[in-house]
Amino acid sequence: MVTVPSWDAFAQLTALADRLRGQIGHVATRYEGAIIAAAFIRQRMGLAGQTLDEAIGFVDKSVMKTRLRRAGIPVAGHQVVTRVGDAATVAKTLGWPLVLKPRKGFASVNTHIVASKQELAEYEADGIFTRPVPASPFYRGEPAFAGLAHQPDGIVVEQYLQIAEEYHIDGLWLGGKPVYQIPGLYHLPPLKGMSSPLLGSVLLESTYGVGAFLADLATRAGTVLGMRTGFTHTEVMRTVDDRWYVGEIAARPGGGGIQQAIGFAYGIDVPTIHAQLACGAQPQVRLDPRPGYVGWCGPAVPSGRVVHVASREQLVAYPGVLDATVAIAPGQMGGPTGSGLWGGLAGYTWLHGDSAAHVLSTMGAAAARYQVGVLRPVAGARS
């Protein structure tokens, strides 16, 4: 095993690439935070795959949105600042509220909605922008989790959109063309969902209606950013005044329970395809659509020590449940980093129904069946 101090340690990455030259044929990563580093090593070694310029377009949110806007893809207005307080100047152009987030962030991590200049000052005085975001052991040291005031690449200050619905579109690309673009609808926009009792989404039809529109928009966005071979996960928002915006597009499969939902709905083994692509293999992919609609959900685990959670056998015993996982056990700590899953969920349940609305309507009950019980910590007491 070889380690580097950070994914931006380009001197060490250069030395590593030079040391490994001629010994390996492929460079791959499953971690979004290492995409630029992987591309740098790949390019230094003269290997095929995503280039450094392409990787930057998928990771750096400012570069991404600038390239998309120039190509006519609708995105929220934004500017980059180096100090949190400079957001007040940006508001003169974009107005209040504003969204503040890391330039190289992901998955709604460290994203803040600020309503006014006064609220910005209050947040600064309270230290909200200097405190790190809680992170599981895997993410400790990841710059995106550092306080916004300490972001090494600057802060994206973005126009706030009043979102009515948020969608995700998950694509597989081979040779610059999408093999599929599978859309889905979140039960709540993720920024709201991260503070709600559950997270989830349902997959939609991709050949007609809003699904076809979303698939086309995601394809246009991926093409602009230079996707050739790999996965994309595109976020698209519809605002309350019925305007559509591409939020972000990542060069990776979707998180949460999305990959397995695609497997249930279309017979696609996303992790296996991901591994094949990492090795330079050409996967043979055939979609085998299952009748009906497939979704997934999971309940957030409250902060405190877990004292009870249902078993997988209990969760899968209900009609409409395809499968379920349980990621916590009594004795573990809850909260946003306890389980290691996105949003600190207790697990994932995959659901099947005869309509998207039906699947969405069953998510609350499916999440409640986890029966998560926690012993709340007492202020001043040891946990």
# chains A, B, ... in the order shown; residues from 1 in each chain; ligands from 1

call {"tool": "select_by_dssp", "arguments": {"residues": "range 14-202 of chain A", "states": "strand (DSSP E)", "output": "MDAnalysis selection string"}}
result
chainID A and resid 78:81 98:102 112:114 155:159 163:174 177:186 198:202

call {"tool": "write_last_selection", "arguments": {"atoms": "C-alpha atoms", "output": "PDB file, in the first residue's frame"}}
result
ATOM      1  CA  HIS A  78     -22.759  31.486  -9.294  1.00  0.00           C
ATOM      2  CA  GLN A  79     -19.511  33.163  -8.335  1.00  0.00           C
ATOM      3  CA  VAL A  80     -16.423  31.934  -6.482  1.00  0.00           C
ATOM      4  CA  VAL A  81     -15.144  33.754  -3.399  1.00  0.00           C
ATOM      5  CA  LEU A  98     -27.756  32.332  -1.456  1.00  0.00           C
ATOM      6  CA  VAL A  99     -26.331  28.815  -1.401  1.00  0.00           C
ATOM      7  CA  LEU A 100     -22.751  28.440  -0.144  1.00  0.00           C
ATOM      8  CA  LYS A 101     -20.778  25.238  -0.665  1.00  0.00           C
ATOM      9  CA  PRO A 102     -17.264  23.895  -1.308  1.00  0.00           C
ATOM     10  CA  HIS A 112     -25.567  26.145   3.491  1.00  0.00           C
ATOM     11  CA  ILE A 113     -28.591  28.265   2.580  1.00  0.00           C
ATOM     12  CA  VAL A 114     -28.196  31.842   3.811  1.00  0.00           C
ATOM     13  CA  ILE A 155     -16.321  28.761  -1.982  1.00  0.00           C
ATOM     14  CA  VAL A 156     -19.067  28.567  -4.591  1.00  0.00           C
ATOM     15  CA  VAL A 157     -21.760  31.156  -3.909  1.00  0.00           C
ATOM     16  CA  GLU A 158     -24.814  30.192  -5.894  1.00  0.00           C
ATOM     17  CA  GLN A 159     -28.217  31.571  -6.780  1.00  0.00           C
ATOM     18  CA  ILE A 163     -37.140  23.759  -5.906  1.00  0.00           C
ATOM     19  CA  ALA A 164     -40.432  21.976  -6.435  1.00  0.00           C
ATOM     20  CA  GLU A 165     -38.910  18.610  -7.401  1.00  0.00           C
ATOM     21  CA  GLU A 166     -35.406  17.217  -7.757  1.00  0.00           C
ATOM     22  CA  TYR A 167     -34.445  14.378 -10.052  1.00  0.00           C
ATOM     23  CA  HIS A 168     -31.391  12.201 -10.618  1.00  0.00           C
ATOM     24  CA  ILE A 169     -30.386  10.639 -13.924  1.00  0.00           C
ATOM     25  CA  ASP A 170     -27.895   7.787 -13.836  1.00  0.00           C
ATOM     26  CA  GLY A 171     -26.043   7.022 -17.028  1.00  0.00           C
ATOM     27  CA  LEU A 172     -23.542   4.517 -18.357  1.00  0.00           C
ATOM     28  CA  TRP A 173     -21.362   5.707 -21.244  1.00  0.00           C
ATOM     29  CA  LEU A 174     -19.235   3.727 -23.688  1.00  0.00           C
ATOM     30  CA  LYS A 177     -22.416   7.635 -26.094  1.00  0.00           C
ATOM     31  CA  PRO A 178     -24.831   6.724 -23.300  1.00  0.00           C
ATOM     32  CA  VAL A 179     -25.850   3.072 -23.114  1.00  0.00           C
ATOM     33  CA  TYR A 180     -28.632   4.175 -20.792  1.00  0.00           C
ATOM     34  CA  GLN A 181     -29.850   7.232 -18.913  1.00  0.00           C
ATOM     35  CA  ILE A 182     -32.201   6.162 -16.120  1.00  0.00           C
ATOM     36  CA  PRO A 183     -34.092   8.992 -14.394  1.00  0.00           C
ATOM     37  CA  GLY A 184     -35.441   9.028 -10.866  1.00  0.00           C
ATOM     38  CA  LEU A 185     -37.377  11.379  -8.593  1.00  0.00           C
ATOM     39  CA  TYR A 186     -36.238  12.067  -5.023  1.00  0.00           C
ATOM     40  CA  LEU A 198     -35.876   9.565   5.565  1.00  0.00           C
ATOM     41  CA  LEU A 199     -34.172   9.696   2.170  1.00  0.00           C
ATOM     42  CA  GLY A 200     -35.260   7.910  -0.980  1.00  0.00           C
ATOM     43  CA  SER A 201     -36.158   8.053  -4.650  1.00  0.00           C
ATOM     44  CA  VAL A 202     -38.146   6.208  -7.293  1.00  0.00           C
TER      45      VAL A 202
END

call {"tool": "closest_atom_pairs", "arguments": {"of": "range 266-357 of chain A", "to": "range 245-255 of chain A", "cutoff": "12 Å", "atoms": "only C-alpha atoms", "output": "CSV"}}
result
residue,atom,partner,partner_atom,distance
A:Asp269,CA,A:Pro253,CA,11.5
A:Val270,CA,A:Pro253,CA,7.8
A:Pro271,CA,A:Pro253,CA,8.8
A:Thr272,CA,A:Pro253,CA,11.8
A:Ile273,CA,A:Pro253,CA,10.5
A:His274,CA,A:Pro253,CA,8.4
A:Ala275,CA,A:Pro253,CA,11.9
A:Leu277,CA,A:Arg252,CA,11.7
A:Ala278,CA,A:Arg252,CA,11.9
A:Trp296,CA,A:Gly255,CA,11.2
A:Cys297,CA,A:Gly255,CA,11.8
A:Leu341,CA,A:Gly255,CA,9.2
A:Trp342,CA,A:Gly255,CA,7.5
A:Gly343,CA,A:Gly255,CA,10.7
A:Tyr348,CA,A:Gly255,CA,11.3

call {"tool": "residues_around", "arguments": {"residues": "range 309-321 of chain A", "least_positions_apart": "6", "cutoff": "12 Å", "atoms": "only C-alpha atoms", "output": "number ranges by chain"}}
result
A: 261, 264, 292-299, 301, 327-332, 334, 345-355, 358-363, 365-374

call {"tool": "closest_residue", "arguments": {"among": "A:Met333, A:Val240, A:Ala17, A:Ala34", "to": "Ala55 in chain A", "atoms": "only C-alpha atoms"}}
result
A:Ala34

call {"tool": "residues_around", "arguments": {"residues": "Gly141 in chain A", "least_positions_apart": "4", "cutoff": "10 Å", "atoms": "only C-alpha atoms", "output": "number ranges by chain"}}
result
A: 5-6, 135, 137, 145-146

call {"tool": "write_last_selection", "arguments": {"atoms": "N, CA and C atoms", "output": "short mmCIF file (atom, residue, chain, number, x, y, z; two decimals), in the first residue's frame"}}
result
data_model
loop_
_atom_site.label_atom_id
_atom_site.label_comp_id
_atom_site.auth_asym_id
_atom_site.auth_seq_id
_atom_site.Cartn_x
_atom_site.Cartn_y
_atom_site.Cartn_z
N PRO A 5 -0.24 12.34 1.19
CA PRO A 5 -0.84 13.17 2.24
C PRO A 5 -2.20 13.73 1.89
N SER A 6 -2.47 13.93 0.60
CA SER A 6 -3.78 14.41 0.17
C SER A 6 -3.92 14.14 -1.32
N ALA A 135 -17.91 13.79 10.03
CA ALA A 135 -17.56 12.85 8.97
C ALA A 135 -17.25 11.49 9.56
N PRO A 137 -15.12 7.88 9.60
CA PRO A 137 -13.67 7.69 9.48
C PRO A 137 -13.16 7.71 8.04
N PHE A 145 -15.11 18.45 3.89
CA PHE A 145 -15.73 18.44 5.21
C PHE A 145 -15.15 19.50 6.14
N ALA A 146 -14.10 20.20 5.71
CA ALA A 146 -13.57 21.30 6.51
C ALA A 146 -14.54 22.46 6.48
#

call {"tool": "atom_distance", "arguments": {"atom1": "CA of Glu235 in chain A", "atom2": "CA of Leu214 in chain A"}}
result
9.6 Å

call {"tool": "residues_around", "arguments": {"residues": "Leu52 in chain A", "least_positions_apart": "3", "cutoff": "7 Å", "atoms": "only C-alpha atoms", "output": "CSV table (one decimal) with N, CA and C atoms, in the first residue's frame"}}
result
chain,number,residue,atom,x,y,z
A,36,ILE,N,-9.7,13.6,-9.7
A,36,ILE,CA,-8.7,14.5,-10.3
A,36,ILE,C,-7.3,13.8,-10.1
A,39,ALA,N,-6.9,11.0,-12.6
A,39,ALA,CA,-6.7,11.5,-13.9
A,39,ALA,C,-5.3,12.0,-14.1
A,40,PHE,N,-4.8,12.7,-13.0
A,40,PHE,CA,-3.4,13.2,-13.1
A,40,PHE,C,-2.4,12.1,-13.2
A,43,GLN,N,-2.8,10.5,-16.7
A,43,GLN,CA,-2.2,11.3,-17.8
A,43,GLN,C,-0.7,11.3,-17.7
A,55,ALA,N,-11.7,15.5,-15.9
A,55,ALA,CA,-11.9,15.3,-14.5
A,55,ALA,C,-12.2,16.6,-13.7
A,56,ILE,N,-11.5,17.6,-14.0
A,56,ILE,CA,-11.7,18.9,-13.4
A,56,ILE,C,-13.1,19.4,-13.7

call {"tool": "atom_distance", "arguments": {"atom1": "CA of Thr337 in chain A", "atom2": "CA of Ile128 in chain A"}}
result
18.3 Å

call {"tool": "residues_around", "arguments": {"residues": "Phe129 in chain A", "least_positions_apart": "6", "cutoff": "10 Å", "atoms": "only C-alpha atoms", "output": "list in words"}}
result
Val84, Leu100, Asn110, His112, Leu120, Tyr123, Ala146, Gly147, Leu148, Ala149, His150 and Gln151 of chain A

call {"tool": "write_last_selection", "arguments": {"atoms": "C-alpha atoms", "output": "PDB file, in the first residue's frame"}}
result
ATOM      1  CA  VAL A  84     -17.307  33.700   3.391  1.00  0.00           C
ATOM      2  CA  LEU A 100     -22.751  28.440  -0.144  1.00  0.00           C
ATOM      3  CA  ASN A 110     -21.233  21.317   3.736  1.00  0.00           C
ATOM      4  CA  HIS A 112     -25.567  26.145   3.491  1.00  0.00           C
ATOM      5  CA  LEU A 120     -24.603  35.545   7.056  1.00  0.00           C
ATOM      6  CA  TYR A 123     -23.614  32.367  11.031  1.00  0.00           C
ATOM      7  CA  ALA A 146     -13.565  21.296   6.514  1.00  0.00           C
ATOM      8  CA  GLY A 147     -15.376  24.475   7.503  1.00  0.00           C
ATOM      9  CA  LEU A 148     -16.287  26.646   4.527  1.00  0.00           C
ATOM     10  CA  ALA A 149     -13.920  29.339   5.770  1.00  0.00           C
ATOM     11  CA  HIS A 150     -11.059  26.840   5.396  1.00  0.00           C
ATOM     12  CA  GLN A 151     -11.822  25.548   1.900  1.00  0.00           C
TER      13      GLN A 151
END

call {"tool": "residues_around", "arguments": {"residues": "Arg19 in chain A", "least_positions_apart": "5", "cutoff": "10 Å", "atoms": "only C-alpha atoms", "output": "tab-separated table (two decimals) with N, CA and C atoms, in the first residue's frame"}}
result
chain	number	residue	atom	x	y	z
A	13	LEU	N	2.14	12.71	-6.11
A	13	LEU	CA	1.44	11.96	-7.15
A	13	LEU	C	2.32	11.80	-8.38
A	14	THR	N	3.10	12.83	-8.70
A	14	THR	CA	4.03	12.75	-9.82
A	14	THR	C	5.07	11.67	-9.57
A	45	MET	N	1.18	8.99	-16.76
A	45	MET	CA	1.69	7.69	-17.20
A	45	MET	C	1.33	7.38	-18.64

call {"tool": "decode", "arguments": {"residues": "range 327-353 of chain A", "atoms": "N, CA and C atoms", "output": "mmCIF file, in the first residue's frame"}}
result
data_model
loop_
_atom_site.group_PDB
_atom_site.id
_atom_site.type_symbol
_atom_site.label_atom_id
_atom_site.label_comp_id
_atom_site.auth_asym_id
_atom_site.auth_seq_id
_atom_site.Cartn_x
_atom_site.Cartn_y
_atom_site.Cartn_z
ATOM 1 N N ALA A 327 -27.824 -1.478 8.436
ATOM 2 C CA ALA A 327 -26.424 -1.064 8.538
ATOM 3 C C ALA A 327 -26.006 -0.690 9.950
ATOM 4 N N ILE A 328 -26.915 -0.797 10.916
ATOM 5 C CA ILE A 328 -26.580 -0.460 12.299
ATOM 6 C C ILE A 328 -26.957 -1.625 13.204
ATOM 7 N N ALA A 329 -26.454 -1.575 14.423
ATOM 8 C CA ALA A 329 -26.757 -2.609 15.415
ATOM 9 C C ALA A 329 -26.782 -1.961 16.790
ATOM 10 N N PRO A 330 -27.510 -2.552 17.719
ATOM 11 C CA PRO A 330 -27.506 -2.018 19.082
ATOM 12 C C PRO A 330 -26.083 -1.855 19.611
ATOM 13 N N GLY A 331 -25.860 -0.733 20.257
ATOM 14 C CA GLY A 331 -24.534 -0.412 20.778
ATOM 15 C C GLY A 331 -23.788 0.604 19.945
ATOM 16 N N GLN A 332 -24.127 0.696 18.647
ATOM 17 C CA GLN A 332 -23.490 1.696 17.795
ATOM 18 C C GLN A 332 -24.049 3.082 18.098
ATOM 19 N N MET A 333 -23.275 4.105 17.707
ATOM 20 C CA MET A 333 -23.746 5.472 17.808
ATOM 21 C C MET A 333 -24.468 5.849 16.521
ATOM 22 N N GLY A 334 -25.557 6.626 16.675
ATOM 23 C CA GLY A 334 -26.309 7.094 15.524
ATOM 24 C C GLY A 334 -25.796 8.433 15.037
ATOM 25 N N GLY A 335 -26.705 9.240 14.494
ATOM 26 C CA GLY A 335 -26.300 10.530 13.953
ATOM 27 C C GLY A 335 -25.884 10.419 12.501
ATOM 28 N N PRO A 336 -25.486 11.532 11.894
ATOM 29 C CA PRO A 336 -25.223 11.561 10.451
ATOM 30 C C PRO A 336 -24.041 10.722 10.000
ATOM 31 N N THR A 337 -23.154 10.314 10.906
ATOM 32 C CA THR A 337 -21.994 9.522 10.499
ATOM 33 C C THR A 337 -21.983 8.127 11.114
ATOM 34 N N GLY A 338 -22.994 7.781 11.887
ATOM 35 C CA GLY A 338 -22.958 6.535 12.638
ATOM 36 C C GLY A 338 -22.953 5.278 11.796
ATOM 37 N N SER A 339 -23.845 5.198 10.810
ATOM 38 C CA SER A 339 -23.985 3.962 10.041
ATOM 39 C C SER A 339 -22.993 3.857 8.897
ATOM 40 N N GLY A 340 -22.426 4.982 8.480
ATOM 41 C CA GLY A 340 -21.540 4.979 7.322
ATOM 42 C C GLY A 340 -22.267 5.118 6.008
ATOM 43 N N LEU A 341 -23.606 5.074 6.014
ATOM 44 C CA LEU A 341 -24.382 5.270 4.798
ATOM 45 C C LEU A 341 -24.668 6.752 4.600
ATOM 46 N N TRP A 342 -25.038 7.096 3.358
ATOM 47 C CA TRP A 342 -25.386 8.479 3.023
ATOM 48 C C TRP A 342 -26.473 8.976 3.980
ATOM 49 N N GLY A 343 -26.242 10.139 4.586
ATOM 50 C CA GLY A 343 -27.225 10.718 5.478
ATOM 51 C C GLY A 343 -27.365 10.011 6.810
ATOM 52 N N GLY A 344 -26.469 9.066 7.112
ATOM 53 C CA GLY A 344 -26.574 8.328 8.367
ATOM 54 C C GLY A 344 -27.798 7.439 8.434
ATOM 55 N N LEU A 345 -28.182 6.855 7.296
ATOM 56 C CA LEU A 345 -29.378 6.008 7.262
ATOM 57 C C LEU A 345 -29.131 4.675 7.967
ATOM 58 N N ALA A 346 -30.223 4.095 8.475
ATOM 59 C CA ALA A 346 -30.136 2.805 9.168
ATOM 60 C C ALA A 346 -29.961 1.649 8.202
ATOM 61 N N GLY A 347 -30.271 1.867 6.950
ATOM 62 C CA GLY A 347 -30.201 0.837 5.927
ATOM 63 C C GLY A 347 -31.031 1.273 4.744
ATOM 64 N N TYR A 348 -31.143 0.395 3.762
ATOM 65 C CA TYR A 348 -31.946 0.680 2.577
ATOM 66 C C TYR A 348 -33.025 -0.386 2.419
ATOM 67 N N THR A 349 -34.207 0.046 2.020
ATOM 68 C CA THR A 349 -35.274 -0.867 1.620
ATOM 69 C C THR A 349 -35.645 -0.556 0.180
ATOM 70 N N TRP A 350 -35.734 -1.595 -0.650
ATOM 71 C CA TRP A 350 -36.114 -1.414 -2.051
ATOM 72 C C TRP A 350 -37.568 -1.825 -2.224
ATOM 73 N N LEU A 351 -38.317 -0.972 -2.902
ATOM 74 C CA LEU A 351 -39.762 -1.111 -3.008
ATOM 75 C C LEU A 351 -40.194 -1.247 -4.461
ATOM 76 N N HIS A 352 -41.327 -1.910 -4.659
ATOM 77 C CA HIS A 352 -41.895 -2.089 -5.998
ATOM 78 C C HIS A 352 -43.372 -1.749 -5.953
ATOM 79 N N GLY A 353 -43.839 -1.042 -6.981
ATOM 80 C CA GLY A 353 -45.248 -0.680 -7.048
ATOM 81 C C GLY A 353 -45.695 -0.467 -8.475
#
